[in-house]
$ cat target.cif   # mmCIF, C-alpha atoms and all ligand atoms
data_data
#
loop_
_atom_site.label_atom_id
_atom_site.label_comp_id
_atom_site.auth_asym_id
_atom_site.auth_seq_id
_atom_site.Cartn_x
_atom_site.Cartn_y
_atom_site.Cartn_z
CA MET A 126 113.34 53.86 118.19
CA SER A 127 110.29 51.78 117.14
CA GLU A 128 109.28 50.65 113.65
CA VAL A 129 105.57 51.20 114.28
CA VAL A 130 103.68 53.89 116.17
CA THR A 131 100.06 53.58 117.27
CA VAL A 132 97.84 56.14 119.00
CA GLY A 133 94.60 55.46 120.85
CA GLU A 134 92.69 54.63 124.01
CA CYS A 135 93.40 51.45 125.91
CA LEU A 136 90.67 50.27 128.28
CA ALA A 137 90.03 47.81 131.05
CA SER A 138 87.61 45.43 129.37
CA PHE A 139 85.24 43.27 131.41
CA VAL A 140 84.23 40.34 129.24
CA ALA A 141 81.37 38.06 130.28
CA ALA A 142 82.79 34.76 131.50
CA THR A 143 80.10 32.78 129.71
CA PRO A 144 78.34 33.25 126.35
CA GLY A 145 74.94 34.93 126.26
CA PRO A 146 73.26 38.33 126.49
CA LEU A 147 74.83 41.05 128.59
CA ALA A 148 71.67 41.25 130.69
CA ASP A 149 72.36 37.73 131.98
CA ALA A 150 76.12 38.08 132.48
CA ILE A 151 77.06 37.80 136.16
CA ASP A 152 80.75 36.99 136.08
CA PHE A 153 83.26 38.96 134.07
CA GLU A 154 86.95 38.47 133.34
CA ARG A 155 89.06 41.60 133.27
CA HIS A 156 91.12 41.97 130.10
CA VAL A 157 93.03 44.81 128.48
CA ALA A 158 91.50 46.09 125.22
CA GLY A 159 91.54 48.94 122.76
CA ALA A 160 91.91 48.45 119.03
CA GLU A 161 95.27 50.22 118.63
CA ALA A 162 96.72 48.51 121.70
CA ASN A 163 95.59 45.15 120.31
CA VAL A 164 97.43 45.89 117.08
CA ALA A 165 100.49 47.01 119.04
CA VAL A 166 100.58 43.75 121.01
CA GLY A 167 99.97 41.72 117.84
CA LEU A 168 102.88 43.39 116.06
CA ALA A 169 105.16 43.08 119.08
CA ARG A 170 104.45 39.33 119.26
CA LEU A 171 105.35 39.09 115.58
CA GLY A 172 108.72 40.64 116.33
CA HIS A 173 108.17 44.26 115.30
CA SER A 174 109.00 47.11 117.67
CA VAL A 175 106.00 49.30 118.50
CA ALA A 176 105.46 52.53 120.42
CA TYR A 177 102.00 53.23 121.87
CA LEU A 178 100.80 56.81 122.50
CA GLY A 179 97.86 57.50 124.79
CA ARG A 180 96.66 58.28 128.29
CA VAL A 181 95.51 56.13 131.19
CA GLY A 182 94.28 57.15 134.63
CA ALA A 183 96.39 57.02 137.78
CA ASP A 184 94.45 53.98 138.99
CA GLY A 185 94.77 50.22 139.11
CA PHE A 186 93.37 49.75 135.60
CA GLY A 187 95.89 52.23 134.22
CA THR A 188 98.67 50.37 136.02
CA ALA A 189 97.42 47.05 134.63
CA ILE A 190 97.43 48.49 131.09
CA VAL A 191 100.93 49.92 131.38
CA ARG A 192 102.24 46.64 132.81
CA ARG A 193 100.51 44.55 130.16
CA LEU A 194 101.74 46.59 127.21
CA ARG A 195 105.22 46.87 128.65
CA GLY A 196 105.22 43.15 129.37
CA GLU A 197 104.46 42.51 125.71
CA GLY A 198 107.47 44.61 124.75
CA VAL A 199 105.51 47.67 123.60
CA ASP A 200 107.27 51.02 124.17
CA VAL A 201 105.05 52.86 126.68
CA ARG A 202 107.25 55.91 127.22
CA HIS A 203 104.56 58.07 125.61
CA LEU A 204 101.65 56.46 127.42
CA THR A 205 100.92 59.27 129.88
CA VAL A 206 99.45 58.62 133.32
CA ASP A 207 96.78 61.31 133.81
CA ALA A 208 96.09 62.09 137.48
CA ASP A 209 92.88 63.99 136.69
CA ALA A 210 90.74 61.37 134.93
CA PRO A 211 89.99 57.66 135.26
CA THR A 212 91.02 54.87 132.91
CA GLY A 213 88.24 54.03 130.44
CA VAL A 214 86.26 50.88 131.16
CA MET A 215 84.03 48.71 129.00
CA PHE A 216 81.77 45.73 129.66
CA ARG A 217 80.83 43.33 126.92
CA GLU A 218 78.97 40.14 126.41
CA ARG A 219 80.48 37.06 124.80
CA ARG A 220 78.89 35.64 121.67
CA GLY A 221 80.05 33.38 118.88
CA LEU A 222 77.38 34.73 116.52
CA GLY A 223 75.84 38.10 115.77
CA PRO A 224 76.59 41.62 116.99
CA ILE A 225 78.16 41.84 120.44
CA ASP A 226 76.66 44.30 122.90
CA VAL A 227 79.03 46.60 124.76
CA VAL A 228 78.66 49.22 127.49
CA TYR A 229 81.35 51.90 127.58
CA HIS A 230 82.35 54.03 130.56
CA ARG A 231 84.82 56.22 128.74
CA ALA A 232 83.23 59.68 128.47
CA GLY A 233 85.75 62.02 130.15
CA SER A 234 88.24 59.17 130.57
CA ALA A 235 91.98 59.76 130.60
CA GLY A 236 92.23 58.19 127.14
CA SER A 237 89.65 60.61 125.73
CA ARG A 238 91.81 63.53 126.96
CA LEU A 239 94.57 62.64 124.50
CA SER A 240 95.56 65.82 122.68
CA ALA A 241 97.58 67.14 119.77
CA ALA A 242 100.08 68.43 122.36
CA ASP A 243 100.64 64.83 123.55
CA VAL A 244 101.45 63.75 120.01
CA ASP A 245 103.65 66.78 119.35
CA ARG A 246 105.56 66.06 122.57
CA ALA A 247 106.17 62.45 121.54
CA ALA A 248 107.12 63.54 118.03
CA ASP A 249 109.54 66.16 119.35
CA ASP A 250 110.96 63.41 121.52
CA GLY A 251 111.68 61.45 118.33
CA VAL A 252 108.91 58.81 118.28
CA PHE A 253 108.53 59.10 114.49
CA ASP A 254 112.25 59.37 113.73
CA GLY A 255 113.33 56.24 111.91
CA ALA A 256 109.85 54.68 112.31
CA ARG A 257 108.24 53.06 109.27
CA TRP A 258 104.53 52.86 110.02
CA LEU A 259 101.72 54.72 111.84
CA HIS A 260 98.50 52.83 112.57
CA LEU A 261 95.31 54.75 113.36
CA THR A 262 91.70 53.69 113.88
CA GLY A 263 88.35 55.37 113.53
CA ILE A 264 87.59 54.81 117.22
CA THR A 265 89.85 57.47 118.71
CA PRO A 266 88.46 60.45 116.73
CA ALA A 267 85.02 59.57 118.13
CA LEU A 268 86.18 60.11 121.71
CA SER A 269 86.58 63.91 121.90
CA ALA A 270 87.64 66.98 119.93
CA SER A 271 91.11 66.81 121.45
CA ALA A 272 91.51 63.11 120.56
CA ARG A 273 90.42 63.93 117.02
CA ALA A 274 93.04 66.66 116.82
CA ALA A 275 95.61 64.18 118.15
CA MET A 276 94.84 61.88 115.21
CA THR A 277 95.31 64.63 112.64
CA THR A 278 98.55 65.71 114.28
CA ALA A 279 99.83 62.13 114.33
CA ARG A 280 99.02 61.76 110.64
CA GLU A 281 100.77 65.04 109.79
CA ARG A 282 103.86 64.35 111.88
CA ALA A 283 104.11 60.81 110.49
CA ARG A 284 103.76 62.07 106.93
CA ALA A 285 106.50 64.60 107.50
CA SER A 286 108.74 61.75 108.65
CA GLY A 287 107.87 59.57 105.63
CA LEU A 288 105.97 56.79 107.44
CA SER A 289 103.35 54.58 105.79
CA ILE A 290 100.01 55.27 107.44
CA SER A 291 97.13 52.82 107.89
CA LEU A 292 93.59 53.56 109.05
CA ASP A 293 91.26 50.83 110.28
CA VAL A 294 87.77 52.32 109.98
CA ASN A 295 86.46 50.52 113.09
CA LEU A 296 83.08 52.25 113.35
CA ARG A 297 81.80 52.06 116.91
CA ARG A 298 78.11 52.87 116.76
CA ARG A 299 77.86 53.19 120.54
CA LEU A 300 80.20 56.19 120.21
CA TRP A 301 78.77 57.99 117.19
CA THR A 302 76.42 57.64 114.24
CA ASP A 303 77.48 56.76 110.70
CA GLU A 304 76.38 60.25 109.64
CA ALA A 305 78.65 61.88 112.22
CA ALA A 306 81.55 59.52 111.53
CA ALA A 307 81.64 59.65 107.72
CA PRO A 308 82.91 63.22 107.17
CA VAL A 309 85.41 62.96 110.04
CA LEU A 310 86.86 59.69 108.75
CA ARG A 311 86.92 60.90 105.16
CA ASP A 312 88.90 63.90 106.35
CA LEU A 313 91.23 61.74 108.48
CA MET A 314 91.94 59.42 105.56
CA GLN A 315 93.47 62.22 103.45
CA GLY A 316 97.12 61.29 103.21
CA VAL A 317 96.54 57.78 104.59
CA ASP A 318 98.13 55.04 102.47
CA ILE A 319 96.16 51.97 103.56
CA VAL A 320 92.50 51.80 104.57
CA LEU A 321 91.05 48.66 106.14
CA GLY A 322 87.46 47.98 107.09
CA SER A 323 84.50 45.63 107.01
CA LEU A 324 82.07 45.97 104.12
CA ASP A 325 79.59 48.11 106.05
CA GLU A 326 82.41 50.40 107.20
CA LEU A 327 83.80 50.83 103.70
CA ALA A 328 80.27 51.60 102.49
CA VAL A 329 79.94 54.39 105.06
CA LEU A 330 83.31 55.81 104.01
CA ALA A 331 82.41 55.66 100.32
CA GLY A 332 78.88 56.96 100.91
CA ALA A 333 77.65 53.96 98.90
CA SER A 334 74.80 51.51 99.35
CA THR A 335 76.46 48.58 97.55
CA THR A 336 77.61 45.54 99.49
CA ASP A 337 79.79 44.22 96.67
CA PRO A 338 83.35 43.86 98.04
CA ALA A 339 85.11 44.56 94.71
CA GLU A 340 83.04 47.66 94.10
CA LEU A 341 83.60 48.94 97.63
CA VAL A 342 87.39 48.57 97.66
CA SER A 343 87.67 50.39 94.37
CA LEU A 344 85.26 53.13 95.48
CA VAL A 345 87.31 53.74 98.64
CA GLY A 346 90.49 53.48 96.56
CA GLY A 347 89.11 56.35 94.47
CA LEU A 348 89.22 58.53 97.61
CA GLY A 349 93.03 58.47 97.73
CA PRO A 350 94.67 55.52 99.51
CA THR A 351 97.04 53.24 97.58
CA VAL A 352 95.78 50.05 99.26
CA VAL A 353 92.27 49.19 100.49
CA VAL A 354 91.47 46.01 102.38
CA ALA A 355 87.97 44.67 102.93
CA LYS A 356 87.97 42.44 106.01
CA LEU A 357 85.42 39.71 105.35
CA GLY A 358 85.58 37.85 108.67
CA ALA A 359 85.40 34.08 108.23
CA ASP A 360 85.43 34.63 104.45
CA GLY A 361 88.93 36.11 104.52
CA ALA A 362 89.87 39.39 102.90
CA LEU A 363 89.88 41.25 99.62
CA GLY A 364 92.75 43.62 98.87
CA TRP A 365 92.94 46.35 96.24
CA GLU A 366 96.15 48.04 95.21
CA SER A 367 96.27 51.15 93.06
CA GLY A 368 97.53 50.27 89.60
CA GLY A 369 97.06 46.55 90.25
CA SER A 370 94.11 44.21 90.39
CA SER A 371 92.14 43.05 93.45
CA VAL A 372 93.16 39.88 95.23
CA ARG A 373 90.90 37.71 97.37
CA VAL A 374 92.36 35.42 100.05
CA PRO A 375 90.01 32.95 101.79
CA GLY A 376 89.82 32.77 105.57
CA ILE A 377 91.14 29.88 107.66
CA PRO A 378 88.20 27.79 108.90
CA VAL A 379 87.69 27.85 112.67
CA ALA A 380 85.70 25.04 114.29
CA THR A 381 84.57 26.93 117.40
CA VAL A 382 84.64 30.67 117.81
CA VAL A 383 85.33 31.44 121.47
CA ASP A 384 85.33 35.26 121.22
CA PRO A 385 85.39 37.13 117.89
CA VAL A 386 86.20 40.57 119.29
CA GLY A 387 89.71 41.65 118.40
CA ALA A 388 89.86 39.56 115.22
CA GLY A 389 89.95 42.69 113.06
CA ASP A 390 92.84 44.10 115.07
CA ALA A 391 94.68 40.78 114.86
CA PHE A 392 94.12 40.90 111.10
CA CYS A 393 95.66 44.39 110.98
CA ALA A 394 98.67 43.22 113.01
CA GLY A 395 99.30 40.29 110.66
CA PHE A 396 98.75 42.41 107.57
CA ILE A 397 101.01 45.26 108.73
CA ALA A 398 103.69 42.76 109.80
CA GLY A 399 103.56 41.30 106.30
CA ARG A 400 103.96 44.68 104.65
CA LEU A 401 106.82 45.58 106.99
CA ASP A 402 108.44 42.26 106.06
CA GLY A 403 108.11 43.30 102.40
CA VAL A 404 105.73 40.54 101.29
CA ASP A 405 103.19 41.11 98.50
CA LEU A 406 99.54 42.03 99.07
CA GLU A 407 98.27 38.46 98.79
CA THR A 408 100.75 37.08 101.32
CA ALA A 409 100.06 39.96 103.73
CA LEU A 410 96.31 39.28 103.49
CA GLY A 411 97.00 35.62 104.29
CA MET A 412 99.01 36.64 107.35
CA GLY A 413 96.16 38.90 108.44
CA ASN A 414 93.61 36.12 108.00
CA ALA A 415 95.73 33.69 110.02
CA CYS A 416 96.16 36.16 112.90
CA GLY A 417 92.42 36.91 112.84
CA ALA A 418 91.58 33.20 112.98
CA MET A 419 93.93 32.67 115.92
CA ALA A 420 92.43 35.61 117.79
CA VAL A 421 88.88 34.22 117.74
CA VAL A 422 89.76 30.93 119.43
CA ALA A 423 90.78 32.60 122.71
CA ALA A 424 88.81 34.83 125.11
CA GLY A 425 89.64 38.54 125.28
CA ASP A 426 91.10 40.67 122.53
CA GLN A 427 94.77 39.82 122.95
CA ALA A 428 95.19 36.28 124.29
CA GLY A 429 95.03 34.56 120.90
CA LEU A 430 97.45 36.89 119.08
CA PRO A 431 100.15 34.59 117.71
CA ASP A 432 103.89 34.93 117.90
CA ARG A 433 106.00 34.40 114.79
CA ALA A 434 106.45 30.66 115.37
CA GLU A 435 102.72 30.03 115.95
CA LEU A 436 101.81 32.05 112.87
CA GLY A 437 104.37 30.16 110.78
CA ARG A 438 103.01 26.78 111.95
CA LEU A 439 99.41 27.74 111.15
CA LEU A 440 100.32 29.10 107.71
CA ALA A 441 102.35 25.96 106.97
CA SER A 442 99.59 23.58 108.07
CA GLY A 443 96.71 25.56 106.53
CA GLY A 444 94.44 24.80 109.49
CA PRO A 445 94.30 23.93 113.16
CA ASP A 446 93.27 20.26 112.82
CA THR A 447 96.71 18.62 112.94
CA LEU A 448 98.85 17.50 115.88
CA ARG A 449 102.45 18.63 115.90
O1 LIG B 1 88.48 45.92 118.04
C1 LIG B 1 88.28 45.61 119.40
C2 LIG B 1 88.00 46.88 120.12
O2 LIG B 1 86.76 47.36 119.71
C3 LIG B 1 87.96 46.72 121.60
O3 LIG B 1 89.21 46.28 122.06
C4 LIG B 1 87.63 47.95 122.36
O4 LIG B 1 88.78 49.70 121.27
C5 LIG B 1 87.73 49.22 121.64
C6 LIG B 1 86.50 49.91 121.38
O5 LIG B 1 86.55 51.11 121.41
O6 LIG B 1 85.49 49.30 121.12
#
$ encode --input "target.cif" --output "structure tokens"
Amino acid sequence: MSEVVTVGECLASFVAATPGPLADAIDFERHVAGAEANVAVGLARLGHSVAYLGRVGADGFGTAIVRRLRGEGVDVRHLTVDADAPTGVMFRERRGLGPIDVVYHRAGSAGSRLSAADVDRAADDGVFDGARWLHLTGITPALSASARAAMTTARERARASGLSISLDVNLRRRLWTDEAAAPVLRDLMQGVDIVLGSLDELAVLAGASTTDPAELVSLVGGLGPTVVVAKLGADGALGWESGGSSVRVPGIPVATVVDPVGAGDAFCAGFIAGRLDGVDLETALGMGNACGAMAVVAAGDQAGLPDRAELGRLLASGGPDTLR
């Protein structure tokens, strides 16, 4: 039995070895990526048990993903190896500033073939029994109709089992347009307790043109969730709780950003861990900020994710500029 369940596509991610535009990248390092898998690894490192549902191909990348997640202590019993489709692959540049270009090779991938039947099978096998939390992202419903149905089924089965449900909006504009994503994500968020997103993502969800964080969290809050979190990157996070007031927690300054991708997932892992630990909104936002800061100082999505001791040291010191 796991405390947390996540559902999504995990990919082999080729990250440029040196910073600069993708067109100039010659050497790549192979990492394991995928927003939900990043959150799963982050939570496992923080001591929470996590089950990951998805599909990988019967190829070397699929094997690497299964080994990596299992090695991190994630329950991969419901990560199906699909003999009829390849593992999804992505290539991305490395940049410390500005939007990061990515090329996906995931159309028709094993991960995109995830279906409601996969989720029902895992649920019938007891994956939600005794679990406390389901984490979803807005990436997986962009992959295929069957993956979208898998998300809805996961939400319904988790609700029936009394789990808290979080949705990280995670708009991926190489997969779909804002216009296509908005109604799907608004539908998916019905019955979701916690919504997290960057300001532009929350604006798409709310159908608003404002960029004001306080306005956006309360607009999205008006759509049903009990907690909304605006992830503000280096500026930290703003949380809104129904019936309470908003709380802003500043980010932890980072001298040199090595690779910002995965910071949002690290934030989610820290935040969810905090809520599972029973801490208040402000403390959970601080844990999310700390995990996000640690993620950006290492290459790849998962390398920087802290364990409990590393997180505790950073939170106690307030910054990375001290020697132990
Ligand atoms: O949040 C990081 C993810 O975007 C990355 O790991 C890959 O899931 C991914 C995606 O679809 O972009």
$ residues_around --input "target.cif" --residues "stretch 415-425 of chain A" --least-positions-apart "4" --cutoff "6 Å" --atoms "only C-alpha atoms" --output "PDB file with C-alpha atoms, in the frame of the given file"
ATOM      1  CA  VAL A 382      84.640  30.670 117.810  1.00  0.00           C
ATOM      2  CA  VAL A 383      85.330  31.440 121.470  1.00  0.00           C
ATOM      3  CA  ASP A 384      85.330  35.260 121.220  1.00  0.00           C
ATOM      4  CA  PRO A 385      85.390  37.130 117.890  1.00  0.00           C
ATOM      5  CA  ALA A 388      89.860  39.560 115.220  1.00  0.00           C
ATOM      6  CA  ALA A 391      94.680  40.780 114.860  1.00  0.00           C
ATOM      7  CA  PHE A 392      94.120  40.900 111.100  1.00  0.00           C
ATOM      8  CA  GLY A 395      99.300  40.290 110.660  1.00  0.00           C
ATOM      9  CA  GLY A 429      95.030  34.560 120.900  1.00  0.00           C
ATOM     10  CA  LEU A 430      97.450  36.890 119.080  1.00  0.00           C
TER      11      LEU A 430
END
$ residues_near_ligand --input "target.cif" --ligand "ligand LIG 1 (chain B)" --cutoff "10 Å" --atoms "all atoms listed in the file" --output "PyMOL selection string"
chain A and resi 133-138+156-164+213-217+227-229+231+262-265+267-268+293+295-300+385-391+425-427
$ closest_residue --input "target.cif" --among "A:Leu313, A:Ala333, A:Leu147, A:Ala394" --to "A:Thr277" --atoms "all atoms listed in the file"
A:Leu313
$ residues_around --input "target.cif" --residues "A:Asp432" --least-positions-apart "6" --cutoff "8 Å" --atoms "all atoms listed in the file" --output "list of chain:residue names"
A:Gly167, A:Arg170, A:Leu171, A:Gly172
$ atom_distance --input "target.cif" --atom1 "atom CA of A:Val244" --atom2 "atom CA of A:Gly182"
17.6 Å
$ closest_residue --input "target.cif" --among "A:His173, A:Asp337, A:Asp254, A:Thr212" --to "A:Val191" --atoms "only C-alpha atoms"
A:Thr212
$ closest_atom_pairs --input "target.cif" --of "stretch 270-335 of chain A" --to "stretch 355-372 of chain A" --cutoff "9 Å" --atoms "only C-alpha atoms" --output "JSON lines"
{"residue": "A:Val320", "atom": "CA", "partner": "A:Ala355", "partner_atom": "CA", "distance": 8.6}
{"residue": "A:Leu321", "atom": "CA", "partner": "A:Ala355", "partner_atom": "CA", "distance": 6.0}
{"residue": "A:Gly322", "atom": "CA", "partner": "A:Ala355", "partner_atom": "CA", "distance": 5.3}
{"residue": "A:Ser323", "atom": "CA", "partner": "A:Lys356", "partner_atom": "CA", "distance": 4.8}
{"residue": "A:Leu324", "atom": "CA", "partner": "A:Ala355", "partner_atom": "CA", "distance": 6.2}
{"residue": "A:Leu327", "atom": "CA", "partner": "A:Ala355", "partner_atom": "CA", "distance": 7.5}
$ write_last_selection --input "target.cif" --atoms "C-alpha atoms" --output "PDB file, in the coordinates of the input"
ATOM      1  CA  VAL A 320      92.500  51.800 104.570  1.00  0.00           C
ATOM      2  CA  LEU A 321      91.050  48.660 106.140  1.00  0.00           C
ATOM      3  CA  GLY A 322      87.460  47.980 107.090  1.00  0.00           C
ATOM      4  CA  SER A 323      84.500  45.630 107.010  1.00  0.00           C
ATOM      5  CA  LEU A 324      82.070  45.970 104.120  1.00  0.00           C
ATOM      6  CA  LEU A 327      83.800  50.830 103.700  1.00  0.00           C
TER       7      LEU A 327
END
$ closest_residue --input "target.cif" --among "A:Arg280, A:Thr408, A:Gly221, A:Trp301" --to "A:Pro144" --atoms "only C-alpha atoms"
A:Gly221
$ closest_residue --input "target.cif" --among "A:Val130, A:Ser240, A:Gly185, A:Leu261" --to "A:Asp200" --atoms "all atoms listed in the file"
A:Val130
$ build_atoms --input "target.cif" --residues "stretch 140-172 of chain A" --atoms "N, CA and C atoms" --output "JSON list (two decimals), in the frame of the given file"
[["chain", "number", "residue", "atom", "x", "y", "z"],
["A", 140, "VAL", "N", 84.86, 41.22, 130.22],
["A", 140, "VAL", "CA", 84.23, 40.34, 129.24],
["A", 140, "VAL", "C", 83.46, 39.26, 129.99],
["A", 141, "ALA", "N", 82.20, 39.07, 129.62],
["A", 141, "ALA", "CA", 81.37, 38.06, 130.28],
["A", 141, "ALA", "C", 82.08, 36.70, 130.26],
["A", 142, "ALA", "N", 82.07, 36.03, 131.39],
["A", 142, "ALA", "CA", 82.79, 34.76, 131.50],
["A", 142, "ALA", "C", 82.12, 33.67, 130.68],
["A", 143, "THR", "N", 80.81, 33.80, 130.47],
["A", 143, "THR", "CA", 80.10, 32.78, 129.71],
["A", 143, "THR", "C", 79.32, 33.43, 128.57],
["A", 144, "PRO", "N", 79.07, 32.67, 127.48],
["A", 144, "PRO", "CA", 78.34, 33.25, 126.35],
["A", 144, "PRO", "C", 76.89, 33.57, 126.71],
["A", 145, "GLY", "N", 76.34, 34.57, 126.04],
["A", 145, "GLY", "CA", 74.94, 34.93, 126.26],
["A", 145, "GLY", "C", 74.77, 36.43, 126.32],
["A", 146, "PRO", "N", 73.52, 36.89, 126.48],
["A", 146, "PRO", "CA", 73.26, 38.33, 126.49],
["A", 146, "PRO", "C", 73.85, 39.03, 127.71],
["A", 147, "LEU", "N", 74.22, 40.27, 127.52],
["A", 147, "LEU", "CA", 74.83, 41.05, 128.59],
["A", 147, "LEU", "C", 73.92, 41.11, 129.82],
["A", 148, "ALA", "N", 72.61, 41.15, 129.58],
["A", 148, "ALA", "CA", 71.67, 41.25, 130.69],
["A", 148, "ALA", "C", 71.77, 40.06, 131.63],
["A", 149, "ASP", "N", 72.26, 38.93, 131.14],
["A", 149, "ASP", "CA", 72.36, 37.73, 131.98],
["A", 149, "ASP", "C", 73.78, 37.47, 132.47],
["A", 150, "ALA", "N", 74.73, 38.32, 132.09],
["A", 150, "ALA", "CA", 76.12, 38.08, 132.48],
["A", 150, "ALA", "C", 76.33, 38.48, 133.94],
["A", 151, "ILE", "N", 76.83, 37.55, 134.73],
["A", 151, "ILE", "CA", 77.06, 37.80, 136.16],
["A", 151, "ILE", "C", 78.56, 37.92, 136.42],
["A", 152, "ASP", "N", 79.31, 37.01, 135.84],
["A", 152, "ASP", "CA", 80.75, 36.99, 136.08],
["A", 152, "ASP", "C", 81.48, 37.54, 134.87],
["A", 153, "PHE", "N", 82.47, 38.35, 135.14],
["A", 153, "PHE", "CA", 83.26, 38.96, 134.07],
["A", 153, "PHE", "C", 84.74, 38.71, 134.33],
["A", 154, "GLU", "N", 85.49, 38.55, 133.23],
["A", 154, "GLU", "CA", 86.95, 38.47, 133.34],
["A", 154, "GLU", "C", 87.50, 39.82, 132.90],
["A", 155, "ARG", "N", 88.50, 40.29, 133.63],
["A", 155, "ARG", "CA", 89.06, 41.60, 133.27],
["A", 155, "ARG", "C", 90.22, 41.41, 132.29],
["A", 156, "HIS", "N", 90.06, 42.01, 131.11],
["A", 156, "HIS", "CA", 91.12, 41.97, 130.10],
["A", 156, "HIS", "C", 91.58, 43.40, 129.81],
["A", 157, "VAL", "N", 92.59, 43.51, 128.98],
["A", 157, "VAL", "CA", 93.03, 44.81, 128.48],
["A", 157, "VAL", "C", 92.62, 44.87, 127.01],
["A", 158, "ALA", "N", 91.99, 45.98, 126.60],
["A", 158, "ALA", "CA", 91.50, 46.09, 125.22],
["A", 158, "ALA", "C", 91.75, 47.48, 124.68],
["A", 159, "GLY", "N", 91.30, 47.68, 123.47],
["A", 159, "GLY", "CA", 91.54, 48.94, 122.76],
["A", 159, "GLY", "C", 92.15, 48.55, 121.42],
["A", 160, "ALA", "N", 91.51, 48.96, 120.34],
["A", 160, "ALA", "CA", 91.91, 48.45, 119.03],
["A", 160, "ALA", "C", 93.39, 48.69, 118.72],
["A", 161, "GLU", "N", 93.87, 49.91, 118.99],
["A", 161, "GLU", "CA", 95.27, 50.22, 118.63],
["A", 161, "GLU", "C", 96.23, 49.45, 119.52],
["A", 162, "ALA", "N", 95.85, 49.28, 120.78],
["A", 162, "ALA", "CA", 96.72, 48.51, 121.70],
["A", 162, "ALA", "C", 96.75, 47.04, 121.27],
["A", 163, "ASN", "N", 95.61, 46.53, 120.80],
["A", 163, "ASN", "CA", 95.59, 45.15, 120.31],
["A", 163, "ASN", "C", 96.55, 44.98, 119.13],
["A", 164, "VAL", "N", 96.52, 45.96, 118.24],
["A", 164, "VAL", "CA", 97.43, 45.89, 117.08],
["A", 164, "VAL", "C", 98.88, 45.99, 117.55],
["A", 165, "ALA", "N", 99.11, 46.86, 118.53],
["A", 165, "ALA", "CA", 100.49, 47.01, 119.04],
["A", 165, "ALA", "C", 101.00, 45.69, 119.62],
["A", 166, "VAL", "N", 100.16, 45.03, 120.41],
["A", 166, "VAL", "CA", 100.58, 43.75, 121.01],
["A", 166, "VAL", "C", 100.78, 42.70, 119.91],
["A", 167, "GLY", "N", 99.85, 42.69, 118.94],
["A", 167, "GLY", "CA", 99.97, 41.72, 117.84],
["A", 167, "GLY", "C", 101.28, 41.89, 117.09],
["A", 168, "LEU", "N", 101.63, 43.14, 116.80],
["A", 168, "LEU", "CA", 102.88, 43.39, 116.06],
["A", 168, "LEU", "C", 104.10, 43.06, 116.91],
["A", 169, "ALA", "N", 104.02, 43.38, 118.20],
["A", 169, "ALA", "CA", 105.16, 43.08, 119.08],
["A", 169, "ALA", "C", 105.39, 41.57, 119.14],
["A", 170, "ARG", "N", 104.29, 40.80, 119.22],
["A", 170, "ARG", "CA", 104.45, 39.33, 119.26],
["A", 170, "ARG", "C", 105.05, 38.81, 117.96],
["A", 171, "LEU", "N", 104.79, 39.53, 116.87],
["A", 171, "LEU", "CA", 105.35, 39.09, 115.58],
["A", 171, "LEU", "C", 106.76, 39.63, 115.36],
["A", 172, "GLY", "N", 107.31, 40.27, 116.38],
["A", 172, "GLY", "CA", 108.72, 40.64, 116.33],
["A", 172, "GLY", "C", 109.00, 42.06, 115.86]]
